[in-house]
>>> print(open('structure-v1.cif').read())   # mmCIF, C-alpha atoms
data_protein
#
loop_
_atom_site.label_atom_id
_atom_site.label_comp_id
_atom_site.auth_asym_id
_atom_site.auth_seq_id
_atom_site.Cartn_x
_atom_site.Cartn_y
_atom_site.Cartn_z
CA MET A 1 135.74 43.46 81.38
CA LYS A 2 138.88 41.84 82.74
CA LYS A 3 141.04 43.32 79.98
CA LEU A 4 139.49 46.73 80.51
CA ALA A 5 140.18 46.50 84.25
CA LEU A 6 143.78 45.45 83.60
CA ILE A 7 144.34 48.33 81.16
CA LEU A 8 142.75 50.80 83.58
CA CYS A 9 144.86 49.58 86.51
CA LEU A 10 148.09 49.58 84.48
CA PHE A 11 147.35 53.07 83.15
CA ALA A 12 146.60 54.52 86.59
CA GLY A 13 149.57 52.67 88.08
CA GLY A 14 151.81 54.08 85.36
CA LEU A 15 150.59 57.59 86.16
CA LEU A 16 151.39 57.07 89.85
CA LEU A 17 154.82 55.62 89.06
CA MET A 18 155.64 58.57 86.78
CA ASN A 19 154.82 60.98 89.58
CA ALA A 20 156.70 59.04 92.27
CA HIS A 21 159.63 61.47 92.09
CA TYR A 22 157.50 63.98 94.02
CA LEU A 23 157.34 61.59 96.95
CA PRO A 24 160.06 61.84 99.64
CA MET A 25 162.81 59.23 99.86
CA TRP A 26 162.42 56.28 102.25
CA GLY A 27 163.23 57.36 105.80
CA ASP A 28 164.01 60.97 104.92
CA PRO A 29 163.90 63.03 108.18
CA ALA A 30 163.13 66.20 106.17
CA SER A 31 160.05 64.75 104.46
CA PRO A 32 156.85 66.87 104.65
CA ALA A 33 155.15 64.27 106.86
CA SER A 34 157.87 64.66 109.52
CA THR A 35 158.34 68.41 109.48
CA HIS A 36 155.01 70.13 110.10
CA VAL A 37 152.81 68.88 112.92
CA SER A 38 154.83 65.88 114.05
CA PRO A 39 157.69 67.84 115.80
CA TYR A 40 155.05 69.67 117.82
CA PHE A 41 153.57 66.36 119.00
CA ILE A 42 156.99 64.90 119.81
CA GLU A 43 158.25 67.96 121.69
CA ASN A 44 155.13 68.79 123.66
CA ALA A 45 153.43 65.45 124.33
CA TYR A 46 155.30 64.70 127.53
CA GLU A 47 155.12 68.23 128.86
CA HIS A 48 151.37 68.45 128.26
CA THR A 49 150.30 65.06 129.52
CA LYS A 50 153.18 63.36 131.41
CA THR A 51 152.71 60.31 129.18
CA PRO A 52 155.80 58.92 127.40
CA ASN A 53 153.87 57.06 124.71
CA MET A 54 153.20 59.76 122.13
CA VAL A 55 150.93 57.51 120.09
CA ALA A 56 148.57 57.21 123.08
CA VAL A 57 148.70 60.97 123.60
CA VAL A 58 147.88 61.79 119.98
CA LEU A 59 145.22 59.06 119.92
CA ALA A 60 143.30 60.00 123.04
CA ASP A 61 144.19 63.64 123.62
CA TYR A 62 145.21 65.69 120.58
CA ARG A 63 143.03 63.76 118.16
CA SER A 64 140.38 62.52 120.55
CA TYR A 65 137.50 63.60 118.31
CA ASP A 66 138.85 61.29 115.62
CA THR A 67 139.16 58.39 118.04
CA MET A 68 135.71 58.96 119.52
CA PHE A 69 134.05 58.83 116.14
CA GLU A 70 136.12 55.81 115.13
CA ALA A 71 134.71 54.06 118.19
CA ALA A 72 131.25 55.22 117.09
CA VAL A 73 131.89 53.79 113.60
CA VAL A 74 132.87 50.45 115.14
CA LEU A 75 129.67 50.52 117.23
CA ALA A 76 127.62 51.36 114.13
CA ALA A 77 129.19 48.37 112.32
CA GLY A 78 128.14 46.11 115.19
CA PHE A 79 124.61 47.44 115.01
CA ALA A 80 124.54 47.06 111.21
CA CYS A 81 125.46 43.36 111.48
CA PHE A 82 122.85 42.91 114.20
CA PHE A 83 120.01 44.51 112.26
CA LEU A 84 120.89 42.81 108.98
CA LEU A 85 121.24 39.27 110.31
CA ARG A 86 119.25 39.00 113.52
CA SER A 87 115.86 38.85 111.86
CA ARG A 88 112.95 36.70 112.90
CA ALA A 89 113.46 34.51 109.85
CA ARG A 90 112.87 31.42 111.97
CA GLY A 91 109.17 32.23 112.34
CA LYS A 92 108.66 32.57 108.61
CA LYS A 93 110.23 29.28 107.55
CA GLY A 94 107.63 26.97 109.04
CA GLY A 95 108.77 27.53 112.59
CA HIS A 96 111.51 24.89 112.80
CA HIS A 97 115.25 25.29 113.07
CA TYR A 98 118.28 23.06 113.19
CA TYR A 99 120.76 22.55 115.98
CA ARG A 100 124.10 20.79 115.78
CA HIS A 101 125.34 19.27 119.02
CA ILE A 102 129.12 19.61 118.95
CA PRO A 103 130.29 16.78 121.28
CA THR A 104 128.44 14.06 119.37
CA GLY A 105 128.04 15.75 115.98
CA VAL A 106 124.31 15.07 115.92
CA THR A 107 122.12 17.58 114.09
CA ILE A 108 118.51 17.68 115.21
CA LYS A 109 115.49 19.47 113.83
CA ILE A 110 113.51 21.39 116.42
CA GLU A 111 109.84 21.94 115.58
CA GLU A 112 108.02 25.13 116.44
CA GLY A 113 107.59 25.40 120.18
CA GLY A 114 109.96 22.46 120.70
CA LYS A 115 112.52 22.70 123.44
CA LEU A 116 116.26 22.32 122.93
CA PRO A 117 117.71 19.50 125.09
CA ALA A 118 120.42 20.57 127.51
CA GLU A 119 124.01 20.51 126.27
CA ASN A 120 125.00 17.56 128.44
CA SER A 121 121.74 15.59 128.33
CA LYS A 122 121.74 11.88 127.45
CA VAL A 123 119.48 12.44 124.42
CA PHE A 124 122.31 13.06 121.98
CA ARG A 125 124.36 10.11 123.22
CA SER A 126 121.39 7.81 122.78
CA ILE A 127 121.01 8.96 119.17
CA ASP A 128 124.68 8.41 118.33
CA ALA A 129 125.99 5.66 120.60
CA LEU A 130 129.43 5.50 118.98
CA TRP A 131 130.39 9.12 119.59
CA THR A 132 133.91 10.14 120.51
CA PRO A 133 134.77 13.28 122.50
CA TYR A 134 135.27 16.26 120.24
CA ASP A 135 138.76 17.81 120.19
CA PRO A 136 139.72 17.48 123.86
CA ILE A 137 143.30 18.67 123.23
CA ILE A 138 142.26 21.90 121.53
CA GLN A 139 139.59 22.57 124.16
CA THR A 140 141.96 22.02 127.09
CA THR A 141 144.75 24.08 125.52
CA CYS A 142 142.42 26.99 124.79
CA ARG A 143 140.89 26.80 128.26
CA CYS A 144 144.40 27.13 129.75
CA LEU A 145 145.43 29.92 127.35
CA ILE A 146 142.40 32.18 127.59
CA PRO A 147 142.92 33.55 131.15
CA PHE A 148 146.52 34.46 130.39
CA LEU A 149 145.52 36.15 127.14
CA GLN A 150 142.89 38.15 129.00
CA ILE A 151 145.37 39.26 131.66
CA TYR A 152 147.81 40.17 128.91
CA SER A 153 145.17 42.31 127.21
CA LEU A 154 144.53 44.14 130.47
CA TYR A 155 148.29 44.70 130.75
CA VAL A 156 148.34 46.10 127.20
CA LEU A 157 145.56 48.49 128.23
CA ALA A 158 146.99 49.56 131.58
CA HIS A 159 150.59 49.85 130.40
CA GLY A 160 149.63 51.74 127.23
CA HIS A 161 151.05 54.97 128.62
CA TYR A 162 154.60 53.56 128.83
CA SER A 163 154.88 50.92 126.11
CA PRO A 164 153.26 50.10 122.76
CA GLY A 165 149.65 49.39 123.52
CA GLY A 166 146.38 51.06 124.29
CA GLY A 167 142.66 50.73 124.02
CA PHE A 168 142.25 49.39 120.50
CA GLN A 169 144.90 46.69 120.83
CA ALA A 170 143.64 45.57 124.24
CA GLY A 171 140.09 45.44 122.93
CA VAL A 172 141.07 43.30 119.97
CA VAL A 173 143.04 40.85 122.15
CA LEU A 174 140.20 40.64 124.67
CA GLY A 175 137.66 40.08 121.91
CA ALA A 176 139.91 37.42 120.37
CA THR A 177 139.87 35.44 123.63
CA ILE A 178 136.08 35.23 123.58
CA ILE A 179 136.14 34.29 119.89
CA LEU A 180 138.81 31.66 120.67
CA LEU A 181 136.45 30.19 123.26
CA ALA A 182 133.67 30.12 120.67
CA ILE A 183 135.92 28.45 118.08
CA SER A 184 137.48 25.88 120.39
CA HIS A 185 134.30 24.94 122.28
CA ASN A 186 131.14 26.15 120.61
CA LEU A 187 129.01 29.22 120.31
CA LYS A 188 126.74 28.25 123.19
CA THR A 189 129.66 28.06 125.62
CA SER A 190 130.85 31.54 124.81
CA LEU A 191 127.29 32.88 124.76
CA LYS A 192 126.95 31.54 128.30
CA ARG A 193 130.09 33.48 129.32
CA MET A 194 129.20 36.61 127.40
CA SER A 195 125.69 36.88 126.07
CA GLU A 196 124.69 38.96 123.09
CA ARG A 197 122.93 41.40 125.39
CA THR A 198 126.15 41.87 127.40
CA ALA A 199 128.10 42.48 124.20
CA ALA A 200 125.60 45.08 123.02
CA LEU A 201 125.53 46.80 126.42
CA TRP A 202 129.33 46.82 126.73
CA SER A 203 129.79 48.35 123.30
CA ILE A 204 127.30 51.12 124.09
CA ILE A 205 128.79 51.72 127.55
CA GLY A 206 132.28 51.90 126.03
CA VAL A 207 131.34 54.64 123.59
CA PHE A 208 129.33 56.32 126.34
CA ILE A 209 132.40 56.45 128.64
CA PHE A 210 134.33 58.21 125.89
CA ALA A 211 131.56 60.64 124.99
CA GLY A 212 130.66 61.13 128.66
CA THR A 213 134.21 62.18 129.52
CA GLY A 214 133.97 64.81 126.81
CA LEU A 215 130.56 65.90 128.04
CA LEU A 216 131.88 66.23 131.59
CA CYS A 217 134.55 68.63 130.33
CA LEU A 218 131.82 70.59 128.57
CA LEU A 219 129.72 70.75 131.75
CA LEU A 220 132.70 71.98 133.77
CA GLY A 221 133.04 74.94 131.45
CA MET A 222 135.72 73.97 128.92
CA ASP A 223 135.79 72.63 125.37
CA TYR A 224 134.53 69.17 124.54
CA LEU A 225 137.22 66.55 125.40
CA ASN A 226 139.55 69.16 126.92
CA TYR A 227 140.69 67.05 129.86
CA GLU A 228 142.55 69.78 131.78
CA VAL A 229 139.35 70.90 133.47
CA LEU A 230 138.96 67.46 135.10
CA ALA A 231 142.00 68.08 137.35
CA PRO A 232 140.01 68.78 140.57
CA LEU A 233 137.88 65.66 140.01
CA LEU A 234 140.94 63.43 139.48
CA LEU A 235 142.85 65.03 142.40
CA SER A 236 145.88 65.96 140.32
CA ASP A 237 147.43 68.80 138.35
CA GLU A 238 146.43 69.55 134.78
CA ALA A 239 149.05 67.41 133.03
CA MET A 240 148.31 64.37 135.21
CA ALA A 241 144.57 64.92 134.68
CA ARG A 242 145.16 64.55 130.95
CA SER A 243 147.18 61.39 131.58
CA HIS A 244 144.43 59.87 133.73
CA SER A 245 141.73 60.90 131.26
CA ILE A 246 143.61 59.11 128.47
CA LEU A 247 143.36 55.93 130.54
CA ILE A 248 139.63 56.44 131.21
CA VAL A 249 138.95 57.04 127.55
CA GLU A 250 140.99 54.00 126.52
CA VAL A 251 139.01 51.79 128.90
CA GLY A 252 135.93 52.93 127.01
CA VAL A 253 137.56 52.15 123.66
CA THR A 254 138.60 48.70 124.91
CA MET A 255 135.08 47.85 126.00
CA ALA A 256 133.55 49.06 122.75
CA VAL A 257 136.04 47.32 120.44
CA MET A 258 136.00 44.04 122.39
CA ALA A 259 132.22 43.86 122.56
CA VAL A 260 131.72 44.76 118.91
CA MET A 261 134.28 42.18 117.71
CA VAL A 262 132.51 39.49 119.72
CA TRP A 263 129.07 40.69 118.62
CA ILE A 264 129.96 40.69 114.92
CA TYR A 265 131.49 37.21 115.29
CA TYR A 266 128.37 35.85 117.01
CA ASN A 267 126.12 37.12 114.24
CA LEU A 268 128.37 36.28 111.30
CA SER A 269 129.43 32.80 112.35
CA SER A 270 125.88 31.57 112.93
CA ALA A 271 124.20 33.69 110.22
CA GLY A 272 122.15 35.45 112.88
CA GLN A 273 120.65 32.29 114.40
CA GLN A 274 123.04 31.92 117.35
CA ASP A 275 121.77 28.52 118.40
CA GLU A 276 123.67 26.24 116.06
CA GLY A 277 126.81 25.06 117.77
CA LEU A 278 129.68 26.15 115.56
CA MET B 1 169.24 61.48 88.59
CA ASP B 2 170.82 58.14 89.42
CA ALA B 3 168.36 55.41 88.56
CA ILE B 4 169.49 52.72 91.00
CA PRO B 5 169.54 54.80 94.24
CA TYR B 6 166.23 56.29 93.10
CA PHE B 7 164.57 52.89 92.76
CA ILE B 8 166.10 51.52 95.95
CA GLY B 9 165.36 54.68 97.94
CA LYS B 10 161.65 54.52 97.20
CA TYR B 11 161.02 50.79 97.32
CA ASN B 12 158.20 51.27 99.85
CA TYR B 13 156.16 53.17 97.25
CA TRP B 14 156.63 50.49 94.60
CA GLY B 15 155.23 47.92 97.00
CA CYS B 16 152.31 50.17 97.97
CA ILE B 17 151.46 51.00 94.34
CA PHE B 18 151.61 47.32 93.38
CA LEU B 19 149.29 46.30 96.24
CA PHE B 20 146.99 49.24 95.55
CA PHE B 21 146.37 48.24 91.96
CA LEU B 22 146.30 44.54 92.78
CA GLY B 23 143.39 45.23 95.13
CA MET B 24 141.74 47.56 92.64
CA TYR B 25 142.03 45.00 89.83
CA ALA B 26 140.48 42.34 92.06
CA MET B 27 137.61 44.67 92.96
CA ILE B 28 136.87 45.55 89.34
CA SER B 29 137.39 42.28 87.51
CA LYS B 30 136.36 39.50 89.91
CA THR B 31 132.71 38.51 89.84
CA ASN B 32 132.65 36.66 93.16
CA LEU B 33 131.65 38.97 96.00
CA ILE B 34 134.01 37.35 98.53
CA LYS B 35 136.92 37.89 96.12
CA LYS B 36 135.86 41.51 95.79
CA ILE B 37 135.95 41.86 99.59
CA ILE B 38 139.43 40.32 99.66
CA GLY B 39 140.45 42.86 97.01
CA LEU B 40 139.06 45.64 99.20
CA ASN B 41 141.19 44.40 102.08
CA ILE B 42 144.36 44.30 99.94
CA PHE B 43 143.52 47.87 98.91
CA GLN B 44 143.23 48.92 102.56
CA THR B 45 146.50 47.19 103.42
CA SER B 46 148.34 49.16 100.74
CA ILE B 47 147.06 52.44 102.20
CA ILE B 48 148.07 51.35 105.71
CA LEU B 49 151.57 50.44 104.48
CA PHE B 50 151.85 53.77 102.69
CA PHE B 51 151.03 55.76 105.83
CA ILE B 52 153.31 53.70 108.05
CA SER B 53 156.21 54.03 105.60
CA ALA B 54 155.63 57.81 105.54
CA SER B 55 156.18 57.91 109.31
CA PHE B 56 159.60 56.23 109.08
CA LYS B 57 162.83 58.20 109.60
CA HIS B 58 166.39 56.91 109.49
CA ASP B 59 168.13 56.63 112.89
CA ALA B 60 164.88 57.25 114.75
CA THR B 61 163.15 55.05 117.29
CA LEU B 62 159.61 54.32 118.44
CA PRO B 63 157.57 57.36 119.48
CA ILE B 64 157.83 56.46 123.16
CA LEU B 65 159.87 58.96 125.14
CA MET B 66 162.99 57.52 126.75
CA GLU B 67 163.93 58.41 130.30
CA GLU B 68 167.17 60.20 129.37
CA HIS B 69 165.43 62.47 126.81
CA LYS B 70 162.85 63.94 129.17
CA GLY B 71 164.67 67.25 129.51
CA ALA B 72 165.39 68.17 125.91
CA ILE B 73 163.50 66.35 123.17
CA ASP B 74 164.89 66.24 119.64
CA PRO B 75 162.13 65.44 117.09
CA VAL B 76 164.69 63.75 114.80
CA MET B 77 165.14 61.01 117.42
CA TYR B 78 161.55 59.76 117.25
CA LEU B 79 159.27 58.45 114.52
CA ASN B 80 156.27 60.49 113.51
CA PRO B 81 153.44 59.34 115.83
CA LEU B 82 150.56 60.70 113.75
CA PRO B 83 150.44 58.05 110.96
CA HIS B 84 150.65 55.33 113.62
CA VAL B 85 147.57 56.73 115.32
CA LEU B 86 145.64 57.06 112.08
CA MET B 87 146.44 53.51 110.99
CA LEU B 88 145.80 52.06 114.44
CA THR B 89 142.21 53.22 114.25
CA ALA B 90 141.99 52.42 110.54
CA ILE B 91 142.89 48.76 111.13
CA VAL B 92 140.11 48.32 113.70
CA VAL B 93 137.62 50.11 111.48
CA ALA B 94 138.76 47.92 108.57
CA VAL B 95 137.86 44.84 110.62
CA ALA B 96 134.45 46.33 111.44
CA THR B 97 133.73 47.21 107.81
CA LEU B 98 134.88 43.72 106.79
CA GLY B 99 132.24 42.36 109.17
CA VAL B 100 129.56 44.51 107.57
CA ALA B 101 130.69 43.53 104.06
CA LEU B 102 130.56 39.82 104.93
CA THR B 103 127.14 40.35 106.48
CA LEU B 104 125.85 41.89 103.28
CA ALA B 105 127.37 39.05 101.25
CA LEU B 106 125.64 36.56 103.55
CA LYS B 107 122.35 38.37 103.06
CA VAL B 108 122.78 38.31 99.27
CA TYR B 109 123.59 34.61 99.40
CA ARG B 110 120.47 33.92 101.43
CA ILE B 111 118.24 35.64 98.91
CA TYR B 112 119.83 34.57 95.59
CA GLY B 113 121.65 31.39 96.58
CA THR B 114 124.87 32.52 94.89
CA LEU B 115 127.73 34.98 95.29
CA GLU B 116 128.55 35.33 91.58
CA GLU B 117 127.72 38.81 90.39
CA ASP B 118 126.52 37.86 86.89
CA GLU B 119 124.18 35.19 88.26
CA ILE B 120 122.77 37.71 90.74
CA ASN B 121 122.23 40.21 87.92
CA HIS B 122 120.51 37.50 85.87
CA ALA B 123 118.27 36.61 88.80
CA ILE B 124 117.31 40.26 89.33
CA GLN B 125 116.48 40.80 85.65
CA SER B 126 114.43 37.62 85.29
CA HIS B 127 112.21 38.59 88.22
#
>>> encode(input="structure-v1.cif", output="structure tokens")
Amino acid sequence: MKKLALILCLFAGGLLLMNAHYLPMWGDPASPASTHVSPYFIENAYEHTKTPNMVAVVLADYRSYDTMFEAAVVLAAGFACFFLLRSRARGKKGGHHYYRHIPTGVTIKIEEGGKLPAENSKVFRSIDALWTPYDPIIQTTCRCLIPFLQIYSLYVLAHGHYSPGGGFQAGVVLGATIILLAISHNLKTSLKRMSERTAALWSIIGVFIFAGTGLLCLLLGMDYLNYEVLAPLLLSDEAMARSHSILIVEVGVTMAVMAVMVWIYYNLSSAGQQDEGL
Amino acid sequence: MDAIPYFIGKYNYWGCIFLFFLGMYAMISKTNLIKKIIGLNIFQTSIILFFISASFKHDATLPILMEEHKGAIDPVMYLNPLPHVLMLTAIVVAVATLGVALTLALKVYRIYGTLEEDEINHAIQSH
């Protein structure tokens, strides 16, 4: 099997290498990719939308259908993880589950109907009297870093019209801060800050903002996601209306991406149980 | 055709083709599901690199309009924004699909207690 795979890969790779002379040279300005639709985007993006960042314009205006369904794909992935892992397996396996208390490293078995002691209760310390505090340097550093990272992600979102940035990047940075909290402290701490229900709601609201903007354009008598018609609502001319709509849409993308990243992490890291401190 | 400028002028494609088939080989020949998922990610990375290298032009800058060019815009001055957009979304979707793939692997591990493909096949057949 391995030899067959190697032969297959070498054969197909050889075919590709033989046909590489059809491909344009590295950095050729006259290559097909740079001569058809791309000059139109570069020449007209600023005139149409008053937004210097052409990537944001193509992302949220010219190709907004693509971006909307990408956000829907991300949402679907979040739901897939949720439905696959968040089963009621606990009820089937005799009703008990395990919980690891991070500060003391004590793992306890909780019987059916048993109550989990509070995070800071004396029960764990009485079980393990010789405990030492768990990673205080990492916890303190992350606690100091997280607010700045979150402000930076909002900057990436809000300044996406004028510099590299936008909804997807901001969403990933924002999601990473919550995941950083979960890694440096434990899952319960970050669940307290952002519960699973919040994550699910935010992801749905994010996609809804995007789709709702398109629907609003449809209701006002234009094509789906044709932002020009929103000009009277946004108190601006048509080009500025497109610029503002790009921001609205990117806020939706940020919310969806951030919430889905966090949601997938919650489910994957705890195998759907979400009570074991990781 | 001069061989050396030809090979140097297309070095991005050699890298992409190498990564492409590295990922494909891992996906076909490895029996561990996690290694297969890593192969899938190498595969995706090669496609992303291919698209991004297609957007590159010599003597061009980022596709963000500069203040002094707002009157007359020359497309040769700016990189092609379209591949950047496509790959921007593709990276995020790749992370989401990676999450789903790991979820499925976790589910398989829960049921069969292993991630080796041949052992899983054996367990299915002996049922």
>>> residues_around(input="structure-v1.cif", residues="B:Gly23", least_positions_apart="2", cutoff="6 Å", atoms="only C-alpha atoms", output="ChimeraX atom specification")
/B:20-21,25-26,39-40,42-43
>>> residues_around(input="structure-v1.cif", residues="B:Pro83", least_positions_apart="4", cutoff="6 Å", atoms="only C-alpha atoms", output="ChimeraX atom specification")
/B:51-52,55
>>> resolve_selection(input="structure-v1.cif", expression="the PyMOL selection byres ((chain A) within 8 of (chain B))", output="VMD selection string")
chain A and resid 1 to 2 5 to 6 9 to 10 13 16 to 17 20 24 to 29 33 to 34 38 to 39 41 to 43 46 52 to 56 58 to 59 67 70 73 to 74 77 to 78 80 to 81 84 to 85 162 to 164 168 257 261 264 268 271
>>> residues_near_point(input="structure-v1.cif", point="(132.8, 52.3, 124.9)", cutoff="6 Å", atoms="all atoms listed in the file", output="list of chain:residue names")
A:Ser203, A:Ile204, A:Ile205, A:Gly206, A:Val207, A:Phe208, A:Ile209, A:Gly252, A:Val253, A:Met255, A:Ala256
>>> resolve_selection(input="structure-v1.cif", expression="the PyMOL selection byres ((chain A and resi 146) around 12)", output="list in words")
Ile138, Gln139, Thr140, Thr141, Cys142, Arg143, Cys144, Leu145, Pro147, Phe148, Leu149, Gln150, Ile151, Tyr152, Ser153, Val173, Leu174, Gly175, Ala176, Thr177, Ile178, Ile179, Leu180, Leu181, Ala182, Ser184 and Ser190 of chain A
>>> atom_distance(input="structure-v1.cif", atom1="atom CA of A:Glu238", atom2="atom CA of B:Met87")
28.7 Å
>>> resolve_selection(input="structure-v1.cif", expression="the PyMOL selection byres ((chain A and resi 228-235) around 12)", output="ChimeraX atom specification")
/A:48-49,61,213-227,236-248
>>> axis_aligned_box(input="structure-v1.cif", around="stretch 20-28 of chain A", padding_each_side="6 Å", output="AutoDock Vina command-line options")
--center_x 160.4 --center_y 60.1 --center_z 98.9 --size_x 19.3 --size_y 19.7 --size_z 25.7
>>> atom_distance(input="structure-v1.cif", atom1="atom CA of A:Val262", atom2="atom CA of A:Ala158")
21.3 Å
>>> atom_distance(input="structure-v1.cif", atom1="atom CA of A:Val249", atom2="atom CA of A:Gln169")
13.7 Å
>>> residues_around(input="structure-v1.cif", residues="stretch 111-119 of chain B", least_positions_apart="3", cutoff="8 Å", atoms="all atoms listed in the file", output="ChimeraX atom specification")
/B:31-34,105,107-108,122-123
>>> residues_around(input="structure-v1.cif", residues="A:Gly105", least_positions_apart="4", cutoff="8 Å", atoms="only C-alpha atoms", output="PyMOL selection string")
chain A and resi 100-101+131
